[in-house]
$ cat run.txt   # compact mmCIF, C-alpha atoms
# COMPACT_ATOMS: atom_id res chain seq x y z
CA MET Y 8 -20.65 1.21 1.16
CA GLY Y 9 -21.78 4.81 1.38
CA ILE Y 10 -22.43 7.19 4.25
CA ALA Y 11 -25.72 6.85 6.06
CA GLU Y 12 -28.40 8.58 4.04
CA GLY Y 13 -29.13 12.17 4.91
CA LYS Y 14 -25.80 12.92 6.62
CA ALA Y 15 -23.54 15.63 5.24
CA TRP Y 16 -19.94 15.10 6.22
CA LYS Y 17 -18.13 17.76 4.23
CA GLY Y 18 -15.59 19.56 6.38
CA HIS Y 19 -15.66 17.00 9.17
CA ARG Y 20 -12.66 15.44 10.83
CA VAL Y 21 -11.58 12.10 9.38
CA SER Y 22 -9.72 9.07 10.63
CA LEU Y 23 -8.27 7.42 7.52
CA VAL Y 24 -7.39 3.71 7.46
CA LEU Y 25 -5.10 2.74 4.58
CA GLY Y 26 -4.82 -0.96 3.84
CA SER Y 27 -2.05 -3.16 2.47
CA GLY Y 28 -1.89 -4.50 -1.06
CA GLY Y 29 1.32 -3.57 -2.86
CA ALA Y 30 1.03 -1.31 -5.89
CA ARG Y 31 -2.75 -1.09 -5.47
CA GLY Y 32 -1.88 1.13 -2.52
CA LEU Y 33 -1.11 3.90 -4.98
CA ALA Y 34 -4.89 4.34 -5.06
CA HIS Y 35 -4.48 5.84 -1.57
CA ILE Y 36 -2.98 8.91 -3.22
CA GLY Y 37 -6.09 9.57 -5.28
CA ILE Y 38 -8.30 9.02 -2.22
CA ILE Y 39 -6.33 11.49 -0.09
CA ARG Y 40 -6.36 14.08 -2.85
CA TRP Y 41 -10.13 13.82 -3.26
CA LEU Y 42 -10.78 14.13 0.48
CA GLU Y 43 -8.63 17.23 0.72
CA ARG Y 44 -10.21 18.76 -2.37
CA GLU Y 45 -13.69 18.21 -0.94
CA GLY Y 46 -12.84 19.89 2.35
CA TYR Y 47 -12.36 16.90 4.65
CA SER Y 48 -9.78 17.29 7.42
CA ILE Y 49 -7.63 14.16 7.77
CA GLU Y 50 -6.61 14.19 11.42
CA SER Y 51 -5.52 10.59 11.87
CA ILE Y 52 -4.00 7.88 9.70
CA ALA Y 53 -3.53 4.20 10.48
CA GLY Y 54 -1.80 2.17 7.78
CA ALA Y 55 -0.42 -1.26 7.04
CA SER Y 56 2.34 -1.91 4.50
CA MET Y 57 1.73 0.31 1.45
CA GLY Y 58 -0.89 2.15 3.48
CA ALA Y 59 1.72 2.97 6.11
CA LEU Y 60 4.10 4.20 3.41
CA VAL Y 61 1.65 6.46 1.59
CA GLY Y 62 0.08 7.64 4.84
CA GLY Y 63 3.45 8.43 6.39
CA ILE Y 64 4.64 10.40 3.39
CA TYR Y 65 1.37 12.35 3.37
CA ALA Y 66 1.66 13.08 7.10
CA ALA Y 67 5.20 14.37 6.48
CA GLY Y 68 3.85 16.78 3.85
CA HIS Y 69 5.49 15.26 0.77
CA LEU Y 70 2.71 13.32 -0.94
CA GLU Y 71 2.88 15.36 -4.17
CA THR Y 72 6.64 14.88 -4.41
CA TYR Y 73 6.23 11.14 -3.98
CA SER Y 74 3.31 11.06 -6.42
CA ASN Y 75 5.33 12.84 -9.11
CA TRP Y 76 8.21 10.42 -8.58
CA VAL Y 77 6.18 7.22 -8.65
CA CYS Y 78 4.16 8.38 -11.68
CA ALA Y 79 7.43 8.74 -13.59
CA LEU Y 80 8.46 5.13 -12.95
CA ARG Y 81 8.67 2.86 -15.96
CA ARG Y 82 8.11 -0.90 -15.92
CA THR Y 83 11.83 -1.61 -15.80
CA ASP Y 84 12.67 0.94 -13.10
CA VAL Y 85 11.64 -1.52 -10.40
CA LEU Y 86 14.85 -3.46 -11.08
CA ARG Y 87 16.95 -0.56 -9.80
CA PHE Y 88 15.57 -1.07 -6.31
CA LEU Y 89 16.18 -4.82 -6.08
CA ASP Y 90 19.19 -4.86 -3.74
CA LEU Y 91 19.88 -8.54 -3.21
CA SER Y 92 20.22 -9.69 0.37
CA PHE Y 93 22.78 -12.30 1.33
CA ARG Y 94 21.26 -12.94 4.73
CA ALA Y 95 18.45 -15.27 5.60
CA GLY Y 96 14.95 -13.87 5.91
CA GLY Y 97 14.36 -12.11 2.62
CA LEU Y 98 15.42 -11.83 -1.00
CA PHE Y 99 16.01 -8.07 -0.91
CA LYS Y 100 17.32 -5.64 1.72
CA GLY Y 101 15.10 -2.73 0.82
CA ASP Y 102 17.87 -0.22 1.53
CA ARG Y 103 17.79 1.34 -1.94
CA ILE Y 104 14.11 2.20 -1.89
CA MET Y 105 14.29 3.46 1.70
CA ASP Y 106 17.32 5.64 0.92
CA THR Y 107 15.45 7.06 -2.07
CA LEU Y 108 12.42 7.88 0.08
CA ARG Y 109 14.55 9.46 2.81
CA GLU Y 110 16.25 11.66 0.25
CA MET Y 111 12.87 12.63 -1.16
CA VAL Y 112 11.02 13.21 2.10
CA GLY Y 113 13.70 13.84 4.71
CA GLU Y 114 13.91 12.40 8.20
CA HIS Y 115 10.84 12.83 10.40
CA VAL Y 116 9.77 11.81 13.89
CA ILE Y 117 6.21 10.55 14.22
CA ASP Y 118 5.68 12.51 17.41
CA ASP Y 119 6.26 15.77 15.49
CA LEU Y 120 3.89 15.07 12.60
CA PRO Y 121 0.87 17.39 12.27
CA LEU Y 122 -1.60 14.51 12.54
CA ALA Y 123 -1.88 11.25 14.46
CA TYR Y 124 -0.08 8.43 12.63
CA THR Y 125 0.14 4.70 13.32
CA ALA Y 126 2.00 2.14 11.24
CA VAL Y 127 1.04 -1.46 11.88
CA ALA Y 128 3.73 -4.14 11.78
CA THR Y 129 3.92 -7.78 12.86
CA ASP Y 130 6.15 -9.02 15.68
CA ILE Y 131 7.07 -12.40 14.27
CA ASP Y 132 8.55 -13.74 17.53
CA ARG Y 133 5.55 -12.94 19.71
CA GLN Y 134 3.10 -13.48 16.83
CA ARG Y 135 1.15 -10.28 17.38
CA GLU Y 136 0.63 -6.95 15.69
CA VAL Y 137 2.58 -3.89 16.79
CA TRP Y 138 1.32 -0.32 16.53
CA ILE Y 139 4.16 2.13 15.93
CA SER Y 140 2.97 5.64 16.73
CA GLU Y 141 6.19 7.28 17.91
CA GLY Y 142 9.85 7.36 16.95
CA PRO Y 143 11.50 7.67 13.52
CA LEU Y 144 8.95 7.65 10.69
CA PHE Y 145 11.05 5.55 8.33
CA ASP Y 146 11.64 2.84 10.93
CA ALA Y 147 7.86 2.52 11.20
CA ILE Y 148 7.41 2.43 7.42
CA ARG Y 149 10.25 -0.05 6.83
CA ALA Y 150 8.85 -2.42 9.44
CA SER Y 151 5.34 -2.23 8.04
CA ILE Y 152 6.37 -2.97 4.43
CA ALA Y 153 8.62 -5.97 5.19
CA VAL Y 154 6.76 -8.49 3.02
CA PRO Y 155 7.78 -11.98 4.23
CA THR Y 156 10.53 -13.64 2.15
CA ILE Y 157 10.63 -10.63 -0.24
CA LEU Y 158 12.10 -7.97 2.07
CA THR Y 159 14.25 -8.81 5.08
CA PRO Y 160 12.62 -8.30 8.50
CA HIS Y 161 13.24 -4.97 10.20
CA ASP Y 162 14.96 -5.11 13.59
CA TYR Y 163 13.61 -2.30 15.73
CA LEU Y 164 13.76 -1.79 19.51
CA GLY Y 165 14.73 -5.42 19.99
CA LEU Y 166 11.82 -6.71 17.91
CA THR Y 167 11.89 -8.57 14.60
CA LEU Y 168 9.14 -6.92 12.59
CA LEU Y 169 7.41 -7.90 9.35
CA ASP Y 170 4.63 -6.55 7.14
CA GLY Y 171 1.61 -5.32 9.07
CA GLY Y 172 -0.71 -6.93 6.53
CA LEU Y 173 0.19 -10.34 7.94
CA LEU Y 174 -2.20 -9.81 10.85
CA ASN Y 175 -4.12 -6.63 10.07
CA PRO Y 176 -4.39 -5.62 6.40
CA VAL Y 177 -7.05 -2.98 7.18
CA PRO Y 178 -6.03 -1.59 10.60
CA ILE Y 179 -9.19 0.08 11.90
CA ALA Y 180 -8.59 -0.63 15.60
CA PRO Y 181 -5.87 2.04 16.07
CA THR Y 182 -8.45 4.70 15.19
CA PHE Y 183 -10.70 3.79 18.11
CA ARG Y 184 -8.79 6.28 20.27
CA ASP Y 185 -9.42 9.14 17.82
CA PHE Y 186 -11.78 12.06 18.49
CA THR Y 187 -12.89 12.41 14.89
CA ASP Y 188 -16.28 12.46 13.22
CA LEU Y 189 -15.82 9.90 10.50
CA THR Y 190 -13.73 6.78 9.87
CA ILE Y 191 -12.95 5.97 6.24
CA ALA Y 192 -11.22 2.65 5.52
CA VAL Y 193 -9.59 1.51 2.28
CA ASN Y 194 -9.43 -2.21 1.56
CA LEU Y 195 -7.02 -3.01 -1.29
CA ASN Y 196 -8.18 -6.62 -1.49
CA GLY Y 197 -11.74 -6.12 -2.65
CA GLU Y 198 -13.68 -8.59 -4.74
CA PRO Y 199 -12.39 -8.98 -8.32
CA THR Y 200 -14.25 -6.82 -10.81
CA SER Y 201 -14.20 -7.01 -14.56
CA ALA Y 202 -12.55 -4.11 -16.37
CA GLU Y 203 -15.89 -3.21 -17.91
CA THR Y 204 -17.46 -2.45 -14.51
CA LEU Y 205 -14.52 -0.48 -13.10
CA PRO Y 206 -14.71 3.32 -13.34
CA ALA Y 207 -13.17 4.47 -16.59
CA VAL Y 208 -9.53 5.48 -16.23
CA SER Y 209 -7.34 7.15 -18.78
CA ALA Y 210 -4.46 5.51 -20.64
CA ARG Y 211 -5.03 1.96 -19.44
CA GLU Y 212 -1.94 -0.03 -20.45
CA ASP Y 213 -1.76 -3.28 -22.31
CA ARG Y 214 -1.48 -5.38 -19.18
CA GLU Y 215 -0.65 -8.65 -20.86
CA GLY Y 216 2.27 -7.17 -22.76
CA ALA Y 217 3.43 -5.14 -19.76
CA ASP Y 218 3.35 -8.16 -17.45
CA ARG Y 219 5.22 -10.28 -19.97
CA ASP Y 220 7.95 -7.66 -20.35
CA LEU Y 221 8.35 -7.15 -16.60
CA ARG Y 222 8.41 -10.87 -15.91
CA SER Y 223 11.03 -11.44 -18.55
CA ARG Y 224 13.28 -8.74 -17.08
CA ILE Y 225 12.86 -9.96 -13.51
CA GLN Y 226 13.74 -13.45 -14.68
CA GLN Y 227 16.92 -12.15 -16.34
CA PHE Y 228 17.89 -10.31 -13.17
CA LEU Y 229 17.34 -13.30 -10.92
CA ASP Y 230 19.19 -15.58 -13.31
CA THR Y 231 22.32 -13.42 -12.98
CA VAL Y 232 22.49 -14.19 -9.24
CA GLY Y 233 21.76 -17.87 -9.72
CA GLU Y 234 18.13 -17.76 -8.69
CA SER Y 235 15.64 -19.46 -10.98
CA PHE Y 236 12.11 -18.80 -9.76
CA HIS Y 237 10.11 -19.95 -12.75
CA ASP Y 238 10.19 -22.02 -15.88
CA SER Y 239 8.70 -19.54 -18.26
CA ALA Y 240 8.37 -15.76 -18.15
CA GLU Y 241 5.51 -16.14 -20.61
CA ARG Y 242 3.54 -18.24 -18.14
CA ASP Y 243 4.14 -17.06 -14.57
CA LEU Y 244 6.63 -15.83 -12.02
CA GLY Y 245 6.95 -19.18 -10.23
CA VAL Y 246 7.91 -18.81 -6.59
CA PHE Y 247 7.78 -15.01 -6.72
CA GLU Y 248 4.17 -14.96 -7.92
CA LEU Y 249 3.16 -17.89 -5.72
CA LEU Y 250 4.38 -16.04 -2.63
CA SER Y 251 2.59 -12.87 -3.68
CA ARG Y 252 -0.71 -14.62 -4.35
CA SER Y 253 -0.48 -16.70 -1.17
CA PHE Y 254 0.06 -13.54 0.87
CA GLU Y 255 -2.89 -11.85 -0.81
CA THR Y 256 -5.13 -14.87 -0.18
CA MET Y 257 -4.30 -14.71 3.52
CA GLN Y 258 -4.89 -10.96 3.60
CA ASN Y 259 -8.28 -11.35 1.92
CA ALA Y 260 -9.47 -13.75 4.61
CA ILE Y 261 -8.18 -11.62 7.49
CA ALA Y 262 -9.55 -8.39 6.02
CA ALA Y 263 -13.03 -9.91 5.75
CA VAL Y 264 -12.96 -10.84 9.44
CA LYS Y 265 -11.60 -7.46 10.56
CA LEU Y 266 -14.15 -5.51 8.53
CA ALA Y 267 -16.99 -7.63 9.85
CA ALA Y 268 -15.86 -6.96 13.41
CA TYR Y 269 -15.03 -3.26 13.03
CA ALA Y 270 -17.22 -1.62 10.41
CA PRO Y 271 -16.00 1.85 9.36
CA ASP Y 272 -18.37 4.66 8.44
CA VAL Y 273 -17.19 4.45 4.84
CA LEU Y 274 -15.50 1.49 3.18
CA ILE Y 275 -13.69 1.95 -0.12
CA GLU Y 276 -12.86 -1.32 -1.84
CA ILE Y 277 -10.15 -1.51 -4.49
CA PRO Y 278 -10.64 -4.72 -6.53
CA ARG Y 279 -7.68 -7.02 -6.03
CA ASP Y 280 -7.47 -7.64 -9.77
CA ALA Y 281 -7.22 -3.91 -10.55
CA CYS Y 282 -3.44 -4.07 -10.36
CA GLY Y 283 -0.73 -6.61 -9.53
CA SER Y 284 1.11 -6.13 -6.26
CA TYR Y 285 4.38 -5.32 -8.09
CA GLU Y 286 2.97 -3.14 -10.91
CA PHE Y 287 4.17 0.20 -9.57
CA TYR Y 288 4.53 1.51 -13.12
CA ARG Y 289 0.72 1.81 -13.20
CA ALA Y 290 0.70 4.64 -10.66
CA ARG Y 291 -1.35 7.12 -12.70
CA GLU Y 292 -4.03 4.53 -13.33
CA MET Y 293 -4.27 3.51 -9.66
CA ILE Y 294 -4.33 7.12 -8.44
CA GLU Y 295 -7.19 7.93 -10.77
CA LEU Y 296 -9.04 4.77 -9.75
CA GLY Y 297 -8.74 5.74 -6.08
CA ASN Y 298 -10.03 9.22 -6.87
CA GLN Y 299 -13.12 7.82 -8.58
CA LEU Y 300 -13.88 5.06 -6.09
CA VAL Y 301 -13.72 7.36 -3.05
CA GLU Y 302 -16.22 9.70 -4.67
CA ASN Y 303 -18.55 6.78 -5.41
CA ALA Y 304 -18.26 5.49 -1.85
CA VAL Y 305 -18.65 8.80 -0.02
CA ARG Y 306 -21.46 10.06 -2.20
CA GLY Y 307 -23.08 6.72 -2.86
CA THR Y 308 -26.09 7.38 -0.65
CA ASP Y 309 -25.44 11.00 0.17
CA GLY Y 310 -26.41 12.66 -3.09
CA PRO Y 311 -24.29 15.14 -5.11
$ encode --input "run.txt" --output "structure tokens"
Amino acid sequence: MGIAEGKAWKGHRVSLVLGSGGARGLAHIGIIRWLEREGYSIESIAGASMGALVGGIYAAGHLETYSNWVCALRRTDVLRFLDLSFRAGGLFKGDRIMDTLREMVGEHVIDDLPLAYTAVATDIDRQREVWISEGPLFDAIRASIAVPTILTPHDYLGLTLLDGGLLNPVPIAPTFRDFTDLTIAVNLNGEPTSAETLPAVSAREDREGADRDLRSRIQQFLDTVGESFHDSAERDLGVFELLSRSFETMQNAIAAVKLAAYAPDVLIEIPRDACGSYEFYRAREMIELGNQLVENAVRGTDGP
């Protein structure tokens, strides 16, 4: 979806909506870089899950530091952040990854950020979405990325909060209060697209071999704590993959409804088969894909 024909938006103020979708959210980095390079002023960010994480780190002024770090991750590095939880509600605590991000970015208060920022989370008790636009940045991020059954819920201000993508995977509504010229939304659950029709990206990995290696190592890790989530690492990830795909299926349906109700000026769609939700080792590929897809979307009907 491109900008209405004949309009030139370069230099205008942007409200940026960053959707949820696991490792595909690394495409947000490429999108932000392109917008800045082309002279757009990002004055507001609303994000869910990975969108809240990338958007929050950008708002805090440390996107390049985070990008350099995540691009250096190898397939097996993900295991270092799997801190097993012994409480009900989630397999992993998430403390290790949050401590790493805090060390990298530092503590920030949303109210002091140089742009408007909203992280969307889900209040599981009241069954409604929560917009966090004040208070500690990392409380907002941790709440928004709490994928059900994978990460434990985040207790914040008396609320039990889970992943914002549960109810609003593309949170456009928080931008309605913005005085900006253009709303750009990124949906990480776009229609599947064959590799041949995706924009060319450099150094595409052997996905079958990479997936097989990662699955085998995750299986070994889970086996050491007595958890057996699948019968064969060669075939699938059993419960782990079933949960991930079920969550994505739900997000796809909700995103379609939200986008039909609240159409942004520009919609960038990342195909949901471009990257698995846990394939963070493919950061460079996803960043480059985001860079290319935003250019196609913004200039699609606007000319060079």
$ residues_around --input "run.txt" --residues "segment 109-119 of chain Y" --least-positions-apart "3" --cutoff "6 Å" --atoms "only C-alpha atoms" --output "list of chain:residue names"
Y:Asp106, Y:Glu141, Y:Gly142, Y:Pro143, Y:Leu144
$ atom_distance --input "run.txt" --atom1 "atom CA of Asp146 of chain Y" --atom2 "atom CA of Tyr163 of chain Y"
7.3 Å
$ atom_distance --input "run.txt" --atom1 "atom CA of Arg31 of chain Y" --atom2 "atom CA of Glu255 of chain Y"
11.7 Å
$ closest_atom_pairs --input "run.txt" --of "segment 128-212 of chain Y" --to "segment 276-280 of chain Y" --cutoff "8 Å" --atoms "all atoms listed in the file" --output "Markdown table"
| residue | atom | partner | partner_atom | distance |
| --- | --- | --- | --- | --- |
| Y:Val193 | CA | Y:Glu276 | CA | 6.0 |
| Y:Asn194 | CA | Y:Glu276 | CA | 4.9 |
| Y:Leu195 | CA | Y:Ile277 | CA | 4.7 |
| Y:Asn196 | CA | Y:Arg279 | CA | 4.6 |
| Y:Gly197 | CA | Y:Pro278 | CA | 4.3 |
| Y:Glu198 | CA | Y:Pro278 | CA | 5.2 |
| Y:Pro199 | CA | Y:Pro278 | CA | 4.9 |
| Y:Thr200 | CA | Y:Pro278 | CA | 6.0 |
$ closest_residue --input "run.txt" --among "Y:Cys78, Y:Ile36, Y:Ile261, Y:Ile294" --to "Ala281 of chain Y" --atoms "all atoms listed in the file"
Y:Ile294
$ atom_distance --input "run.txt" --atom1 "atom CA of Thr159 of chain Y" --atom2 "atom CA of Ala260 of chain Y"
24.2 Å
$ residues_near_point --input "run.txt" --point "(-16.8, 2.1, -3.2)" --cutoff "6 Å" --atoms "all atoms listed in the file" --output "PyMOL selection string"
chain Y and resi 8+275-276+300+303-304
$ closest_residue --input "run.txt" --among "Y:Ala180, Y:Ala192, Y:Val77, Y:Ile157" --to "Leu23 of chain Y" --atoms "only C-alpha atoms"
Y:Ala192
$ closest_residue --input "run.txt" --among "Y:Ile191, Y:His161, Y:Asp102, Y:Ala153" --to "Val301 of chain Y" --atoms "only C-alpha atoms"
Y:Ile191
$ closest_residue --input "run.txt" --among "Y:Leu33, Y:Ile152, Y:His69, Y:Val264" --to "Glu292 of chain Y" --atoms "only C-alpha atoms"
Y:Leu33
$ residues_around --input "run.txt" --residues "Gln134 of chain Y" --least-positions-apart "3" --cutoff "10 Å" --atoms "all atoms listed in the file" --output "list in words"
Thr129, Asp130, Ile131, Val137, Leu168, Leu173 and Leu174 of chain Y
$ residues_near_point --input "run.txt" --point "(16.5, -10.1, -2.4)" --cutoff "7 Å" --atoms "all atoms listed in the file" --output "ChimeraX atom specification"
/Y:89-92,97-100,157-158
$ residues_around --input "run.txt" --residues "Ile179 of chain Y" --least-positions-apart "2" --cutoff "8 Å" --atoms "all atoms listed in the file" --output "VMD selection string"
chain Y and resid 24 53 177 181 to 183 192 269 271
$ closest_residue --input "run.txt" --among "Y:Arg103, Y:Arg184, Y:Arg289, Y:Arg135" --to "Gly171 of chain Y" --atoms "only C-alpha atoms"
Y:Arg135
$ residues_around --input "run.txt" --residues "Gly29 of chain Y" --least-positions-apart "5" --cutoff "9 Å" --atoms "all atoms listed in the file" --output "ChimeraX atom specification"
/Y:56-58,152,195,282-287
$ residues_around --input "run.txt" --residues "Ser51 of chain Y" --least-positions-apart "6" --cutoff "8 Å" --atoms "all atoms listed in the file" --output "list of chain:residue names"
Y:Val21, Y:Ser22, Y:Leu23, Y:Leu122, Y:Ala123, Y:Tyr124, Y:Thr182, Y:Asp185
